[in-house]
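See below for the structure under consideration.
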Amino acid sequence: MPLAAVVSQTQALEGREAAVQATQQALELLGKNPVLGFVIASHYYPIQQVVSGIATLLGDAPLIGFSTSAELTTGGQNQRSVAVALISGADIQTQADWWPGYSEDSRLATQKINQAFELSHAIGSLLVVADGLNGDAKLLCAALAPGDYTLAGCLAGGDLRRARTYQVGGRKSGYNGLAAALLSGNIVIGVGLSHGWQPVGAYYKVTRARGPWVRTLDDHTVADVYGKLFSYQAREWAFPPLNELARLYPLGIEQEGKDAYLIRAPIRMEADGSLRMNTAVPEGSIVHLMTGSVDSCLEASRKAAQQALDNLGTARPVFALVLVDIAWQILLEANPGSEVSAIRSVLGESIPILGGYTFGQLAYSVPSRTPELYNQHIEVVLFGEPEE
């Protein structure tokens, strides 16, 4: 039985109803028993309702997924919906689960993945979804056991104002947690990453930082720095919408011996004028303020899709999972879902697409093959069937 994939998306007043409708449509399109399901759901729906609606129809197939502020499918961007993708095929082994406690101890939660999946001996593809607003993704990356697997994943998107994101793994779901799925057998993935952000010419020294907070740049609060650059008073950056729009202006950290900057994006501007990140920015580092453009982001979408296609090698592509930084949703507001059109221009019209907006992306860095957290990127994960 060849590898096949379908995507369905529906809107409804209740999360369970939307999930049931989307799953029924996907099962009818697939016409076979799935081996794995993906779910990306609006953060407006209680995630337990969504998972319950899908699980009643899915049989034994495990789930992997997350909440988001807007859902992406082959047709573009949707909001307040549930989007489901199903994969079927022969000789494919899948397992997935969700673990609580990631926000309290990110390293310990990650070690549970290592143990459950025996990652040090694993061969295949590992998909990881972590809480997007709590926990430390750098600790997650450091704690993942090395193995002969390909890595892709994200920090779940969701409701910034309620400070809550949801993750789905197996038949479990929740917030402040960590979900993962391991795929092996007759299925492979190719991963592509790119971004559309460039330095604006202003750079600073991080003079005060603690944990995930950047307190001062050149001994001034970050709100003062942003206020002078963008002609808004510093106190305005502490309140909506500017405190959330700070995501559009990430910090590019200089890296010794490298030309490229390591991008770290704020979750929001705090009331005290500091930036709340989802991982630490080292005190004393030199950071460049960065900004993005529509054209550069659409070019980055095409680049990531082509990179994923190249990394898939000779395998036949059947499905694309697209993990986009939430800053893109803000930047592309006038033309929602245009990144999907850019990806389709590379992959073609026949490859079904499922995606959502996230607070970070996870993948191997090249060429070291060490897990890395990315901000402000688009990640295209292309699933394919190896040549016989």
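Simple scheme: letters A, B, ... for chains in structure tokens order, numbers from 1 for residues in each chain, numbers from 1 for ligands in the order shown.
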*Please give the complete set of residues from stretch 211-370 of chain A that DSSP, run on the backbone, assigns to strand (DSSP E or B), formatted as an MDAnalysis selection string.*
chainID A and resid 213:217 220:221 251:253 262:264 268:269 275:276 286:292 316:325 353:358 360:364
Only C-alpha atoms, please: the residues just picked out, written as a short mmCIF file (atom, residue, chain, number, x, y, z; two decimals), in the first residue's frame.
data_model
loop_
_atom_site.label_atom_id
_atom_site.label_comp_id
_atom_site.auth_asym_id
_atom_site.auth_seq_id
_atom_site.Cartn_x
_atom_site.Cartn_y
_atom_site.Cartn_z
CA TRP A 213 14.22 38.30 30.22
CA VAL A 214 16.41 40.82 28.42
CA ARG A 215 16.38 43.77 30.83
CA THR A 216 18.66 46.41 29.28
CA LEU A 217 20.53 47.17 26.07
CA HIS A 220 18.77 51.41 28.74
CA THR A 221 15.52 49.49 29.07
CA LEU A 251 17.40 40.34 18.19
CA GLY A 252 20.12 38.92 15.98
CA ILE A 253 22.93 37.64 18.21
CA LEU A 262 21.29 33.66 15.79
CA ILE A 263 17.77 35.12 15.88
CA ARG A 264 15.95 35.32 19.19
CA ARG A 268 6.23 40.30 24.34
CA MET A 269 7.42 43.54 25.89
CA LEU A 275 11.72 41.68 26.64
CA ARG A 276 10.29 38.29 27.60
CA ILE A 286 26.12 41.87 20.94
CA VAL A 287 22.69 41.93 19.35
CA HIS A 288 21.41 43.55 16.17
CA LEU A 289 17.83 44.73 15.85
CA MET A 290 16.17 43.03 12.87
CA THR A 291 13.08 43.56 10.75
CA GLY A 292 11.32 41.55 8.05
CA ARG A 316 8.32 10.55 -3.31
CA PRO A 317 6.79 13.57 -1.48
CA VAL A 318 3.22 13.09 -0.22
CA PHE A 319 2.55 15.68 2.52
CA ALA A 320 3.96 18.96 3.85
CA LEU A 321 3.78 20.15 7.46
CA VAL A 322 4.45 23.90 7.66
CA LEU A 323 5.55 25.47 10.96
CA VAL A 324 5.61 29.28 10.71
CA ASP A 325 6.71 31.81 13.29
CA ILE A 353 -0.36 21.08 3.20
CA LEU A 354 -1.13 21.48 6.90
CA GLY A 355 0.40 24.08 9.18
CA GLY A 356 0.09 26.73 11.85
CA TYR A 357 1.78 29.64 13.56
CA THR A 358 4.20 28.88 16.35
CA GLY A 360 9.60 28.83 17.59
CA GLN A 361 10.84 26.04 15.37
CA LEU A 362 13.00 23.00 16.17
CA ALA A 363 15.35 21.22 13.78
CA TYR A 364 18.89 19.99 13.42
#
*Excluding stretch 191-199 of chain A and any residue of its chain fewer than 6 positions from it, enumerate the residues within 7 Å of it, using only C-alpha atoms, and give them as number ranges by chain.*
A: 288-293, 296-297, 300-301, 303-305, 307-308, 311, 376-382
*Name the residues in contact with A:Val206 at a cut-off of 7 Å, using only C-alpha atoms, excluding same-chain residues fewer than 2 positions from it; report them as a count of residues only.*
10
_Selected residue, from A:Thr207, A:Gly153, A:Ile187, A:Gln95, that lies nearest to A:Gly124 when counting only C-alpha atoms_ =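 So, comparing all the options, the nearest one is A:Ile187.
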_Filtered DSSP result for stretch 66-129 of chain A, state alpha helix (DSSP H), as a list in words_ =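 So the alpha helix (DSSP H) residues in stretch 66-129 of chain A would be Ser106, Arg107, Leu108, Ala109, Thr110, Gln111, Lys112, Ile113, Asn114, Gln115, Ala116 and Phe117 of chain A.
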*asked:* So, with only C-alpha atoms as the atoms that count, which of A:Asn114, A:Ser106, A:Thr68, A:Ser8 lies closest to A:Leu160?
replied: A:Thr68
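Among the candidates A:Ser350, A:Ser173, A:Ser341, A:Thr370, the residue lying nearest to A:Val50 is A:Ser173 (atoms considered: only C-alpha atoms).
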*Interatomic distance between atom CA of A:His121 and atom CA of A:Ala96?*
16.6 Å
*asked:* Could you list, as a ChimeraX atom specification, every residue within 6 Å of stretch 75-91 of chain A, counting only C-alpha atoms and ignoring same-chain residues fewer than 3 positions away?
replied: /A:1-11,18-19,34-42,70-72,185-186,336-337,340
_Just to confirm, what's the straight-line distance from atom CA of A:Asn243 to atom CA of A:Phe230 in Å (one decimal)?_
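Interatomic distance here is 13.1 Å.
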*Of the candidates A:Ile123, A:Ala26, A:Ala55, A:Ile351, which one gets nearest to A:Leu183 if we count only C-alpha atoms?*
A:Ile123
